[in-house]
$ cat entry_34.txt   # compact mmCIF, C-alpha atoms
# COMPACT_ATOMS: atom_id res chain seq x y z
CA MET A 5 -99.97 146.17 237.12
CA ASN A 6 -96.56 147.25 235.90
CA MET A 7 -97.00 148.37 232.31
CA LYS A 8 -93.56 148.70 230.81
CA ILE A 9 -92.97 148.77 227.08
CA THR A 10 -89.51 148.35 225.60
CA LYS A 11 -89.11 149.27 221.94
CA ILE A 12 -87.21 146.85 219.71
CA LEU A 13 -86.63 147.90 216.12
CA PRO A 14 -87.60 145.30 213.53
CA TYR A 15 -85.84 144.91 210.19
CA ILE A 16 -88.81 143.43 208.41
CA ALA A 17 -92.08 145.18 207.73
CA ALA A 18 -94.05 142.76 209.90
CA ALA A 19 -94.67 144.83 213.06
CA VAL A 20 -93.04 146.75 215.83
CA ILE A 21 -92.07 144.42 218.68
CA LEU A 22 -92.06 145.69 222.23
CA ALA A 23 -92.20 144.29 225.74
CA ALA A 24 -95.85 144.00 226.57
CA PHE A 25 -97.82 144.13 229.72
CA SER A 26 -100.50 141.84 231.12
CA GLY A 27 -101.43 139.96 234.24
CA CYS A 28 -98.29 138.64 235.94
CA ARG A 29 -97.68 135.39 237.77
CA ASP A 30 -95.19 134.91 240.59
CA ASP A 31 -94.31 131.31 239.68
CA ASN A 32 -91.80 130.13 237.11
CA SER A 33 -94.41 128.45 234.86
CA PRO A 34 -96.30 131.17 232.99
CA THR A 35 -99.40 129.86 231.25
CA TYR A 36 -100.73 131.35 228.04
CA ARG A 37 -104.40 132.18 227.93
CA VAL A 38 -106.58 133.68 225.26
CA PRO A 39 -107.48 137.25 226.25
CA THR A 40 -111.06 137.39 227.43
CA GLU A 41 -111.41 141.15 227.07
CA PRO A 42 -110.92 143.01 223.79
CA LEU A 43 -108.12 145.38 222.95
CA GLU A 44 -109.47 148.92 223.23
CA LEU A 45 -108.41 151.90 221.11
CA ASN A 46 -109.37 155.37 222.32
CA THR A 47 -111.17 157.71 219.96
CA PRO A 48 -108.63 160.46 219.27
CA PRO A 49 -109.63 164.08 219.92
CA PHE A 50 -109.33 164.93 216.21
CA ALA A 51 -111.77 162.20 215.13
CA SER A 52 -114.63 164.57 214.27
CA GLN A 53 -112.45 167.32 212.79
CA LEU A 54 -110.99 167.81 209.33
CA TYR A 55 -107.57 166.17 209.52
CA ILE A 56 -105.22 167.22 206.70
CA LEU A 57 -102.42 164.71 206.27
CA ASN A 58 -98.90 166.09 206.03
CA PRO A 59 -95.89 164.26 204.52
CA ASP A 60 -93.83 165.07 207.62
CA GLY A 61 -96.58 164.63 210.21
CA MET A 62 -97.32 161.96 212.82
CA MET A 63 -100.69 160.63 213.99
CA ASP A 64 -101.02 159.62 217.63
CA PHE A 65 -103.43 156.92 218.84
CA SER A 66 -103.74 155.62 222.39
CA VAL A 67 -104.73 152.18 223.64
CA ALA A 68 -107.17 152.18 226.53
CA LYS A 69 -106.82 148.50 227.40
CA GLN A 70 -104.10 146.02 226.43
CA PRO A 71 -104.65 142.28 225.95
CA ASP A 72 -103.97 140.02 228.93
CA TYR A 73 -102.19 136.88 227.74
CA GLY A 74 -101.61 135.61 231.27
CA PHE A 75 -97.93 136.55 231.49
CA VAL A 76 -95.47 139.25 230.44
CA ALA A 77 -94.62 138.66 226.77
CA SER A 78 -93.32 140.31 223.64
CA VAL A 79 -96.23 141.52 221.55
CA ASN A 80 -96.53 142.69 217.95
CA TYR A 81 -98.69 145.81 217.83
CA GLY A 82 -100.10 147.32 214.67
CA LEU A 83 -102.70 149.66 213.24
CA GLU A 84 -105.21 148.78 210.52
CA VAL A 85 -106.94 151.27 208.23
CA SER A 86 -110.08 150.83 206.12
CA LEU A 87 -112.55 152.88 204.13
CA ASP A 88 -115.36 150.31 204.39
CA LYS A 89 -114.34 147.94 207.23
CA GLU A 90 -113.82 145.19 204.65
CA LYS A 91 -110.75 146.05 202.59
CA ILE A 92 -107.96 146.65 205.10
CA ARG A 93 -104.43 148.11 204.96
CA GLU A 94 -101.97 147.56 207.81
CA ILE A 95 -99.65 150.35 208.98
CA VAL A 96 -96.55 149.50 210.98
CA PRO A 97 -96.21 151.91 213.91
CA GLU A 98 -93.26 154.26 213.78
CA LYS A 99 -93.07 154.76 217.53
CA LEU A 100 -94.68 153.41 220.69
CA THR A 101 -94.46 155.07 224.08
CA SER A 102 -96.42 153.77 227.05
CA SER A 103 -99.82 152.97 225.53
CA ASN A 104 -99.51 155.31 222.53
CA ILE A 105 -99.19 154.17 218.93
CA GLU A 106 -97.69 156.73 216.55
CA VAL A 107 -97.78 156.28 212.79
CA LYS A 108 -96.41 158.41 209.98
CA GLU A 109 -99.03 160.47 208.20
CA SER A 110 -97.24 159.61 204.97
CA GLU A 111 -97.97 155.91 205.64
CA PHE A 112 -101.58 156.78 206.42
CA ALA A 113 -101.86 158.69 203.13
CA THR A 114 -100.32 155.76 201.24
CA ALA A 115 -102.86 153.42 202.84
CA MET A 116 -105.73 155.65 201.74
CA CYS A 117 -104.37 155.79 198.17
CA VAL A 118 -104.05 152.00 198.03
CA LEU A 119 -107.53 151.46 199.46
CA ASN A 120 -108.89 153.86 196.81
CA GLY A 121 -107.18 151.87 194.06
CA ILE A 122 -104.70 154.66 193.28
CA GLU A 123 -101.56 153.24 191.68
CA SER A 124 -100.18 156.28 189.83
CA SER A 125 -100.39 160.04 189.65
CA ASP A 126 -102.64 159.64 186.59
CA ASP A 127 -105.08 157.59 188.71
CA TRP A 128 -104.96 160.31 191.35
CA ASP A 129 -105.69 163.10 188.89
CA ALA A 130 -108.60 161.16 187.39
CA ASP A 131 -110.35 160.37 190.70
CA PRO A 132 -111.76 163.45 192.49
CA ALA A 133 -113.37 161.26 195.17
CA ALA A 134 -109.96 159.89 196.18
CA ARG A 135 -108.63 163.44 196.51
CA ALA A 136 -111.50 164.61 198.74
CA PRO A 137 -111.76 164.31 202.55
CA GLN A 138 -112.98 160.83 203.48
CA THR A 139 -114.27 158.84 206.42
CA VAL A 140 -111.59 156.43 207.59
CA TYR A 141 -111.87 153.58 210.08
CA VAL A 142 -108.88 152.54 212.21
CA ARG A 143 -108.31 149.78 214.73
CA ALA A 144 -105.38 148.48 216.76
CA THR A 145 -104.06 144.91 216.64
CA ALA A 146 -101.94 142.84 219.02
CA GLU A 147 -100.44 139.38 218.56
CA LEU A 148 -97.86 137.14 220.22
CA PRO A 149 -95.10 136.30 217.73
CA GLY A 150 -95.44 132.73 216.48
CA VAL A 151 -98.54 131.93 218.56
CA ASP A 152 -101.52 130.95 216.43
CA GLY A 153 -104.82 132.35 217.65
CA SER A 154 -103.25 135.11 219.74
CA LEU A 155 -104.30 137.94 217.40
CA VAL A 156 -106.74 140.38 218.98
CA THR A 157 -108.17 143.53 217.48
CA SER A 158 -109.94 146.56 218.85
CA GLU A 159 -113.28 147.86 217.67
CA TRP A 160 -113.17 150.28 214.74
CA VAL A 161 -112.70 153.95 215.57
CA THR A 162 -114.13 156.43 213.05
CA LEU A 163 -112.21 159.44 211.75
CA ASP A 164 -114.85 161.60 210.07
CA LYS A 165 -112.83 163.72 207.62
CA VAL A 166 -109.30 162.83 206.60
CA GLN A 167 -107.77 164.79 203.72
CA PRO A 168 -105.24 162.60 201.85
CA TYR A 169 -102.56 163.50 199.36
CA PHE A 170 -100.89 161.46 196.62
CA ALA A 171 -98.43 159.25 198.48
CA VAL A 172 -97.84 156.24 196.24
CA PRO A 173 -94.15 155.85 195.39
CA GLU A 174 -93.65 156.07 191.63
CA PRO A 175 -90.70 154.96 189.53
CA GLY A 176 -88.28 157.77 188.73
CA PHE A 177 -87.35 158.56 185.15
CA ILE A 178 -84.87 160.36 182.92
CA TYR A 179 -85.25 161.66 179.37
CA LEU A 180 -83.72 160.62 176.05
CA VAL A 181 -83.05 163.68 173.86
CA GLY A 182 -81.75 163.52 170.30
CA THR A 183 -82.51 162.52 166.73
CA PRO A 184 -85.01 159.78 167.69
CA GLU A 185 -87.42 162.37 169.12
CA GLY A 186 -86.37 165.24 166.81
CA TRP A 187 -84.20 167.41 169.12
CA VAL A 188 -87.33 169.21 170.28
CA GLY A 189 -85.55 170.46 173.39
CA PRO A 190 -85.43 169.43 177.10
CA LEU A 191 -87.66 172.30 178.23
CA PRO A 192 -90.53 172.15 180.76
CA GLU A 193 -93.06 173.21 178.16
CA ASN A 194 -92.14 170.11 176.12
CA ALA A 195 -93.05 167.64 178.88
CA ALA A 196 -95.94 166.16 176.87
CA HIS A 197 -93.64 165.58 173.90
CA TYR A 198 -91.12 163.71 176.07
CA ALA A 199 -93.70 161.50 177.80
CA ASP A 200 -92.80 158.66 175.41
CA TRP A 201 -89.07 159.35 175.54
CA ARG A 202 -88.40 158.45 179.16
CA LEU A 203 -86.41 155.67 180.79
CA PHE A 204 -88.02 154.45 184.01
CA GLU A 205 -87.01 152.73 187.20
CA SER A 206 -88.64 149.35 187.70
CA LYS A 207 -91.77 149.37 189.86
CA THR A 208 -90.04 146.80 192.03
CA ALA A 209 -86.88 148.91 192.33
CA ILE A 210 -88.14 152.42 193.02
CA GLY A 211 -85.26 154.59 194.21
CA SER A 212 -82.65 152.34 192.62
CA LYS A 213 -81.49 155.06 190.18
CA VAL A 214 -81.43 152.42 187.44
CA TYR A 215 -83.52 153.45 184.42
CA SER A 216 -84.43 151.45 181.33
CA GLY A 217 -86.52 151.72 178.20
CA VAL A 218 -87.08 150.18 174.80
CA PHE A 219 -87.22 152.68 171.92
CA ASP A 220 -88.00 152.39 168.22
CA MET A 221 -84.87 154.04 166.86
CA PRO A 222 -84.14 155.47 163.41
CA ALA A 223 -80.97 154.41 161.63
CA ALA A 224 -77.77 155.94 163.02
CA PRO A 225 -79.37 157.49 166.14
CA VAL A 226 -77.65 160.29 168.06
CA PHE A 227 -78.81 161.09 171.59
CA ARG A 228 -77.94 161.98 175.17
CA PHE A 229 -79.89 162.02 178.44
CA TYR A 230 -81.37 164.62 180.78
CA THR A 231 -82.23 163.93 184.41
CA ALA A 232 -84.86 166.71 184.40
CA LEU A 233 -86.42 169.19 182.01
CA GLY A 234 -84.96 172.66 182.39
CA SER A 235 -82.72 173.92 179.61
CA TRP A 236 -80.22 172.65 177.05
CA ASP A 237 -77.34 173.34 179.44
CA GLU A 238 -78.76 171.78 182.62
CA ASN A 239 -79.06 168.17 183.79
CA SER A 240 -77.40 166.61 180.73
CA LEU A 241 -75.52 163.30 180.63
CA GLY A 242 -73.58 162.20 177.59
CA SER A 243 -70.36 160.84 176.20
CA GLN A 244 -68.20 163.85 177.06
CA VAL A 245 -68.37 167.40 178.38
CA GLU A 246 -68.00 169.09 174.98
CA ASP A 247 -71.07 169.42 172.78
CA ASN A 248 -69.79 167.00 170.14
CA PRO A 249 -71.03 163.44 169.51
CA VAL A 250 -68.82 160.40 170.05
CA GLU A 251 -69.32 157.38 167.79
CA TYR A 252 -69.76 153.87 169.16
CA THR A 253 -70.45 150.43 167.68
CA LEU A 254 -72.57 147.60 169.05
CA THR A 255 -70.58 144.36 169.17
CA ASP A 256 -72.72 141.23 169.03
CA GLY A 257 -75.69 143.51 169.55
CA GLN A 258 -74.38 145.16 172.75
CA TRP A 259 -72.36 148.11 173.98
CA GLN A 260 -71.45 149.25 177.50
CA GLY A 261 -69.82 152.44 178.67
CA LYS A 262 -69.89 155.39 181.06
CA LEU A 263 -71.79 158.68 181.00
CA VAL A 264 -70.45 162.02 182.15
CA ALA A 265 -72.11 165.33 182.95
CA GLY A 266 -72.00 167.04 179.58
CA LYS A 267 -73.60 167.52 176.18
CA GLY A 268 -71.46 165.15 174.13
CA SER A 269 -74.04 162.86 172.52
CA LEU A 270 -73.73 159.14 171.89
CA SER A 271 -73.77 158.26 168.19
CA PHE A 272 -74.34 154.80 166.68
CA PRO A 273 -73.77 155.24 162.93
CA ASP A 274 -73.89 151.50 162.22
CA PHE A 275 -77.22 150.87 163.93
CA PRO A 276 -79.74 150.00 161.16
CA GLY A 277 -82.83 151.15 163.04
CA GLY A 278 -85.47 149.30 165.03
CA ASP A 279 -85.91 148.47 168.71
CA MET A 280 -83.08 149.40 171.07
CA THR A 281 -82.98 148.60 174.79
CA ILE A 282 -81.15 151.14 176.98
CA VAL A 283 -80.24 150.76 180.67
CA VAL A 284 -78.72 153.71 182.56
CA ASP A 285 -77.42 153.24 186.11
CA LEU A 286 -76.84 156.60 187.77
CA ASN A 287 -75.23 154.96 190.79
CA ASP A 288 -72.05 154.67 188.75
CA ASN A 289 -73.15 156.48 185.55
CA SER A 290 -72.90 153.25 183.57
CA ILE A 291 -74.91 152.60 180.42
CA GLN A 292 -75.75 149.43 178.54
CA ILE A 293 -77.29 149.36 175.06
CA MET A 294 -78.71 146.24 173.42
CA ALA A 295 -80.21 145.74 169.99
CA GLY A 296 -83.83 144.64 170.08
CA ALA A 297 -86.37 144.59 172.88
CA GLN A 298 -84.59 142.83 175.74
CA ALA A 299 -85.72 141.85 179.22
CA VAL A 300 -84.09 144.00 181.90
CA VAL A 301 -83.17 142.50 185.27
CA ASP A 302 -83.69 144.66 188.35
CA PRO A 303 -80.33 145.27 190.03
CA LYS A 304 -79.76 143.86 193.51
CA TYR A 305 -77.38 145.26 196.10
CA ILE A 306 -75.33 144.29 199.11
CA TYR A 307 -73.18 146.77 201.03
CA LEU A 308 -69.65 147.03 202.36
CA VAL A 309 -69.64 148.27 205.95
CA GLY A 310 -66.41 149.16 207.71
CA GLN A 311 -63.45 151.44 208.08
CA PRO A 312 -63.20 152.58 204.42
CA VAL A 313 -66.66 154.14 204.67
CA GLY A 314 -66.40 155.32 208.28
CA TRP A 315 -68.27 152.46 209.94
CA GLU A 316 -71.61 154.07 209.16
CA ALA A 317 -74.51 152.06 210.55
CA PRO A 318 -76.15 149.64 208.06
CA CYS A 319 -79.50 151.42 207.76
CA GLU A 320 -81.57 152.95 204.97
CA ALA A 321 -80.59 156.51 205.91
CA ASN A 322 -76.92 155.66 205.33
CA LYS A 323 -77.43 153.82 202.03
CA ASP A 324 -75.54 156.43 200.02
CA LYS A 325 -72.66 156.48 202.54
CA LEU A 326 -71.96 152.77 202.26
CA LEU A 327 -70.22 151.07 199.34
CA ALA A 328 -72.87 149.30 197.26
CA LEU A 329 -71.95 146.09 195.45
CA VAL A 330 -74.36 145.41 192.59
CA ASP A 331 -75.63 142.33 190.79
CA LYS A 332 -77.14 143.39 187.46
CA THR A 333 -77.61 139.92 185.99
CA ASP A 334 -79.49 138.08 188.77
CA SER A 335 -76.47 135.80 189.10
CA GLY A 336 -75.94 136.27 192.83
CA ILE A 337 -72.50 137.77 192.13
CA TYR A 338 -72.04 141.30 193.46
CA THR A 339 -69.16 143.61 192.50
CA ALA A 340 -67.93 147.12 193.22
CA GLU A 341 -64.73 149.13 192.96
CA TYR A 342 -63.37 151.49 195.59
CA THR A 343 -60.48 153.95 195.20
CA LEU A 344 -58.43 154.90 198.25
CA ASP A 345 -57.92 158.65 198.49
CA ALA A 346 -55.35 158.17 201.23
CA SER A 347 -53.55 155.32 202.96
CA ILE A 348 -55.59 153.45 205.56
CA ASP A 349 -53.72 151.65 208.32
CA TRP A 350 -56.79 149.77 209.54
CA PHE A 351 -58.61 148.59 206.41
CA ASN A 352 -61.22 146.28 207.94
CA PHE A 353 -64.76 145.61 206.73
CA ARG A 354 -67.57 143.11 206.25
CA PHE A 355 -70.71 143.01 204.10
CA THR A 356 -74.44 143.15 204.76
CA LYS A 357 -77.20 141.62 202.64
CA THR A 358 -79.84 143.90 204.11
CA LEU A 359 -80.29 147.40 205.53
CA ALA A 360 -82.24 148.16 208.68
CA PRO A 361 -85.07 150.71 208.46
CA GLU A 362 -83.56 152.83 211.25
CA GLU A 363 -80.10 153.39 212.70
CA GLU A 364 -81.02 152.40 216.25
CA GLY A 365 -80.44 148.66 216.62
CA ALA A 366 -79.27 148.34 213.00
CA TRP A 367 -76.07 146.42 213.80
CA ASP A 368 -78.02 143.47 215.19
CA ALA A 369 -80.94 143.69 212.77
CA VAL A 370 -79.25 143.02 209.44
CA GLU A 371 -78.04 139.86 207.68
CA TRP A 372 -74.23 139.85 207.62
CA ILE A 373 -71.62 138.33 205.32
CA GLY A 374 -68.49 138.03 207.44
CA CYS A 375 -65.14 136.31 207.77
CA PRO A 376 -65.24 132.67 208.98
CA ASP A 377 -61.58 132.79 210.05
CA GLY A 378 -61.99 135.26 212.91
CA ASP A 379 -62.34 139.00 213.44
CA ASN A 380 -59.89 141.38 211.73
CA TYR A 381 -58.53 138.48 209.70
CA GLU A 382 -55.43 139.78 207.91
CA VAL A 383 -55.17 139.20 204.15
CA ASP A 384 -53.08 140.48 201.25
CA MET A 385 -54.50 141.17 197.80
CA PRO A 386 -55.25 139.35 195.66
CA PHE A 387 -57.34 137.27 198.05
CA SER A 388 -60.23 134.84 197.69
CA GLY A 389 -61.96 132.77 200.33
CA SER A 390 -65.25 131.70 201.85
CA ALA A 391 -67.65 133.72 203.99
CA ASP A 392 -70.20 133.07 206.71
CA SER A 393 -72.99 134.94 208.51
CA SER A 394 -70.79 136.32 211.28
CA GLN A 395 -69.87 139.94 212.01
CA ASN A 396 -66.16 139.15 211.75
CA THR A 397 -64.17 141.45 209.46
CA TRP A 398 -61.43 141.03 206.87
CA ARG A 399 -58.42 143.32 207.09
CA ILE A 400 -56.48 144.12 203.90
CA MET A 401 -52.84 144.68 204.77
CA ASN A 402 -51.38 145.88 201.45
CA ALA A 403 -53.83 148.63 200.44
CA VAL A 404 -52.18 151.94 199.49
CA ALA A 405 -53.34 155.43 198.55
CA GLY A 406 -54.51 155.83 194.96
CA GLN A 407 -55.23 152.13 194.59
CA THR A 408 -58.56 150.94 193.22
CA ILE A 409 -59.80 147.73 194.80
CA LYS A 410 -62.37 145.45 193.19
CA PHE A 411 -64.63 143.61 195.64
CA THR A 412 -66.57 140.53 194.54
CA VAL A 413 -69.05 138.60 196.68
CA ASN A 414 -70.59 135.45 195.23
CA THR A 415 -73.76 134.48 197.09
CA SER A 416 -74.79 131.81 194.55
CA THR A 417 -72.52 129.29 196.26
CA GLU A 418 -72.80 127.71 199.70
CA PRO A 419 -70.95 129.04 201.54
CA ALA A 420 -70.66 132.43 199.86
CA THR A 421 -67.21 133.44 198.60
CA VAL A 422 -65.41 136.77 198.51
CA SER A 423 -62.43 138.15 196.63
CA PHE A 424 -60.46 141.40 196.84
CA GLU A 425 -57.98 142.47 194.18
CA GLN A 426 -56.49 145.53 192.58
CA ALA A 427 -58.70 146.61 189.70
CA ASN A 428 -57.25 146.63 186.19
$ encode --input "entry_34.txt" --output "structure tokens"
Amino acid sequence: MNMKITKILPYIAAAVILAAFSGCRDDNSPTYRVPTEPLELNTPPFASQLYILNPDGMMDFSVAKQPDYGFVASVNYGLEVSLDKEKIREIVPEKLTSSNIEVKESEFATAMCVLNGIESSDDWDADPAARAPQTVYVRATAELPGVDGSLVTSEWVTLDKVQPYFAVPEPGFIYLVGTPEGWVGPLPENAAHYADWRLFESKTAIGSKVYSGVFDMPAAPVFRFYTALGSWDENSLGSQVEDNPVEYTLTDGQWQGKLVAGKGSLSFPDFPGGDMTIVVDLNDNSIQIMAGAQAVVDPKYIYLVGQPVGWEAPCEANKDKLLALVDKTDSGIYTAEYTLDASIDWFNFRFTKTLAPEEEGAWDAVEWIGCPDGDNYEVDMPFSGSADSSQNTWRIMNAVAGQTIKFTVNTSTEPATVSFEQAN
């Protein structure tokens, strides 16, 4: 039997899809049949040894027997992990070659943390059993996409001693330093003091670099921010470079501005005291302050892909290389500004709603927002028009060096609309 597997990269965390192998028929009418023999997973050679998980490591499992669906088909393969054979965590394979299933050890460690009920570093520190080597059960799964009843699983294989590490992603945070907390000092030895003076990323937007917090402020607060504890002169973000405060006023209970790397504090002499909501977005160093305890919306992003940013592939690894358009109000309207350092003769681009997990196959794996009027459609700014789901690009003809362009994509309408104009 010809056992050929072709890897196809998915863009959803469902499974890795590859060309499968099974009994073949020579006619043109393949017939599906339920596999009569189980999927078999080999016991790996390290099963009885102490296996210490490494953040950069890979675990290799091999399948002894694949399911026979009666014809050659695309199959979703996966790996399931359990500590008791009842509560199960699925791991999407990172790589498949021949009959081997490779998974990231970091994903395996995350699965063990989740199965142990570990949700934070505090949980990890408080649970010595979760930190100790444990018996882990693994099994392989296979299923035909969209075919009910086609799921087959292998028997459980036992790994006697697997040493986990804390691998649960946690929201990042920054520190508020100033009169509200007493100017104690952004030093490592003061970490306990600053535990209640941190702005956090949302748990649903880890890695977003958008931090928020609600603080009980004294009257006329003066403060700045630190991205890490180190010294007074490191990691500071404020109103200006010089170590002098700048006064601001909340209008209708709100104020928005920009932060810079420096020790110039933000001062609000008219603030009477009480709850203050602060949102800091380090993607563009913007800050929003609101009186009272306000609900904060997680920002959402789409990305400009094209000549201005070097036609980098639309994948997670290139996220910081692409131009991110942000929606901070859950309105479906995304905006960004881009300044041309030099003239660009071929200013063509489109947008993507999603990013692929890997670069290989990314161009066909994402959800595009393109030009309905054809590829390289020539426009002059200001421009507004509709969009579709194609990979066609717009081409701005009157962009010049030093110009700042504001991009707006409105996905709340059907079809979506776009506009490009010189920023004020």
$ residues_around --input "entry_34.txt" --residues "Lys69 in chain A" --least-positions-apart "4" --cutoff "10 Å" --atoms "all atoms listed in the file" --output "ChimeraX atom specification"
/A:26,41-46,103,158
$ closest_residue --input "entry_34.txt" --among "A:Ser390, A:Asn322, A:Gln407, A:Gln138" --to "Ala346 in chain A" --atoms "all atoms listed in the file"
A:Gln407
$ residues_around --input "entry_34.txt" --residues "Lys304 in chain A" --least-positions-apart "4" --cutoff "8 Å" --atoms "only C-alpha atoms" --output "PyMOL selection string"
chain A and resi 330-332+334
$ residues_near_point --input "entry_34.txt" --point "(-88.6, 154.9, 176.1)" --cutoff "7 Å" --atoms "all atoms listed in the file" --output "NGL selection string"
:A and (200-203 or 217-219)
$ closest_residue --input "entry_34.txt" --among "A:Met63, A:Leu263, A:Val166, A:Met401" --to "Asp288 in chain A" --atoms "all atoms listed in the file"
A:Leu263
$ closest_residue --input "entry_34.txt" --among "A:Ser110, A:Ser216, A:Ser394, A:Ser335" --to "Thr417 in chain A" --atoms "all atoms listed in the file"
A:Ser335
$ residues_around --input "entry_34.txt" --residues "Ala209 in chain A" --least-positions-apart "4" --cutoff "9 Å" --atoms "all atoms listed in the file" --output "PyMOL selection string"
chain A and resi 175+205+213-214+302-304
$ closest_residue --input "entry_34.txt" --among "A:Tyr36, A:Tyr215, A:Phe50, A:Tyr252" --to "Pro71 in chain A" --atoms "only C-alpha atoms"
A:Tyr36
$ closest_residue --input "entry_34.txt" --among "A:Asp129, A:Glu185, A:Glu109, A:Glu94" --to "Thr145 in chain A" --atoms "all atoms listed in the file"
A:Glu94
$ residues_near_point --input "entry_34.txt" --point "(-104.8, 153.6, 205.8)" --cutoff "12 Å" --atoms "all atoms listed in the file" --output "MDAnalysis selection string"
chainID A and resid 57 63 82:89 91:97 107:120 138:143 163 166:168 171
$ write_last_selection --input "entry_34.txt" --atoms "C-alpha atoms" --output "PDB file, in the coordinates of the input"
ATOM      1  CA  LEU A  57    -102.420 164.710 206.270  1.00  0.00           C
ATOM      2  CA  MET A  63    -100.690 160.630 213.990  1.00  0.00           C
ATOM      3  CA  GLY A  82    -100.100 147.320 214.670  1.00  0.00           C
ATOM      4  CA  LEU A  83    -102.700 149.660 213.240  1.00  0.00           C
ATOM      5  CA  GLU A  84    -105.210 148.780 210.520  1.00  0.00           C
ATOM      6  CA  VAL A  85    -106.940 151.270 208.230  1.00  0.00           C
ATOM      7  CA  SER A  86    -110.080 150.830 206.120  1.00  0.00           C
ATOM      8  CA  LEU A  87    -112.550 152.880 204.130  1.00  0.00           C
ATOM      9  CA  ASP A  88    -115.360 150.310 204.390  1.00  0.00           C
ATOM     10  CA  LYS A  89    -114.340 147.940 207.230  1.00  0.00           C
ATOM     11  CA  LYS A  91    -110.750 146.050 202.590  1.00  0.00           C
ATOM     12  CA  ILE A  92    -107.960 146.650 205.100  1.00  0.00           C
ATOM     13  CA  ARG A  93    -104.430 148.110 204.960  1.00  0.00           C
ATOM     14  CA  GLU A  94    -101.970 147.560 207.810  1.00  0.00           C
ATOM     15  CA  ILE A  95     -99.650 150.350 208.980  1.00  0.00           C
ATOM     16  CA  VAL A  96     -96.550 149.500 210.980  1.00  0.00           C
ATOM     17  CA  PRO A  97     -96.210 151.910 213.910  1.00  0.00           C
ATOM     18  CA  VAL A 107     -97.780 156.280 212.790  1.00  0.00           C
ATOM     19  CA  LYS A 108     -96.410 158.410 209.980  1.00  0.00           C
ATOM     20  CA  GLU A 109     -99.030 160.470 208.200  1.00  0.00           C
ATOM     21  CA  SER A 110     -97.240 159.610 204.970  1.00  0.00           C
ATOM     22  CA  GLU A 111     -97.970 155.910 205.640  1.00  0.00           C
ATOM     23  CA  PHE A 112    -101.580 156.780 206.420  1.00  0.00           C
ATOM     24  CA  ALA A 113    -101.860 158.690 203.130  1.00  0.00           C
ATOM     25  CA  THR A 114    -100.320 155.760 201.240  1.00  0.00           C
ATOM     26  CA  ALA A 115    -102.860 153.420 202.840  1.00  0.00           C
ATOM     27  CA  MET A 116    -105.730 155.650 201.740  1.00  0.00           C
ATOM     28  CA  CYS A 117    -104.370 155.790 198.170  1.00  0.00           C
ATOM     29  CA  VAL A 118    -104.050 152.000 198.030  1.00  0.00           C
ATOM     30  CA  LEU A 119    -107.530 151.460 199.460  1.00  0.00           C
ATOM     31  CA  ASN A 120    -108.890 153.860 196.810  1.00  0.00           C
ATOM     32  CA  GLN A 138    -112.980 160.830 203.480  1.00  0.00           C
ATOM     33  CA  THR A 139    -114.270 158.840 206.420  1.00  0.00           C
ATOM     34  CA  VAL A 140    -111.590 156.430 207.590  1.00  0.00           C
ATOM     35  CA  TYR A 141    -111.870 153.580 210.080  1.00  0.00           C
ATOM     36  CA  VAL A 142    -108.880 152.540 212.210  1.00  0.00           C
ATOM     37  CA  ARG A 143    -108.310 149.780 214.730  1.00  0.00           C
ATOM     38  CA  LEU A 163    -112.210 159.440 211.750  1.00  0.00           C
ATOM     39  CA  VAL A 166    -109.300 162.830 206.600  1.00  0.00           C
ATOM     40  CA  GLN A 167    -107.770 164.790 203.720  1.00  0.00           C
ATOM     41  CA  PRO A 168    -105.240 162.600 201.850  1.00  0.00           C
ATOM     42  CA  ALA A 171     -98.430 159.250 198.480  1.00  0.00           C
TER      43      ALA A 171
END
$ closest_residue --input "entry_34.txt" --among "A:Gly336, A:Pro361, A:Gly234, A:Pro137" --to "Asn414 in chain A" --atoms "only C-alpha atoms"
A:Gly336
$ atom_distance --input "entry_34.txt" --atom1 "CA of Leu327 in chain A" --atom2 "CA of Val404 in chain A"
18.1 Å
$ atom_distance --input "entry_34.txt" --atom1 "CA of Phe355 in chain A" --atom2 "CA of Gly374 in chain A"
6.4 Å
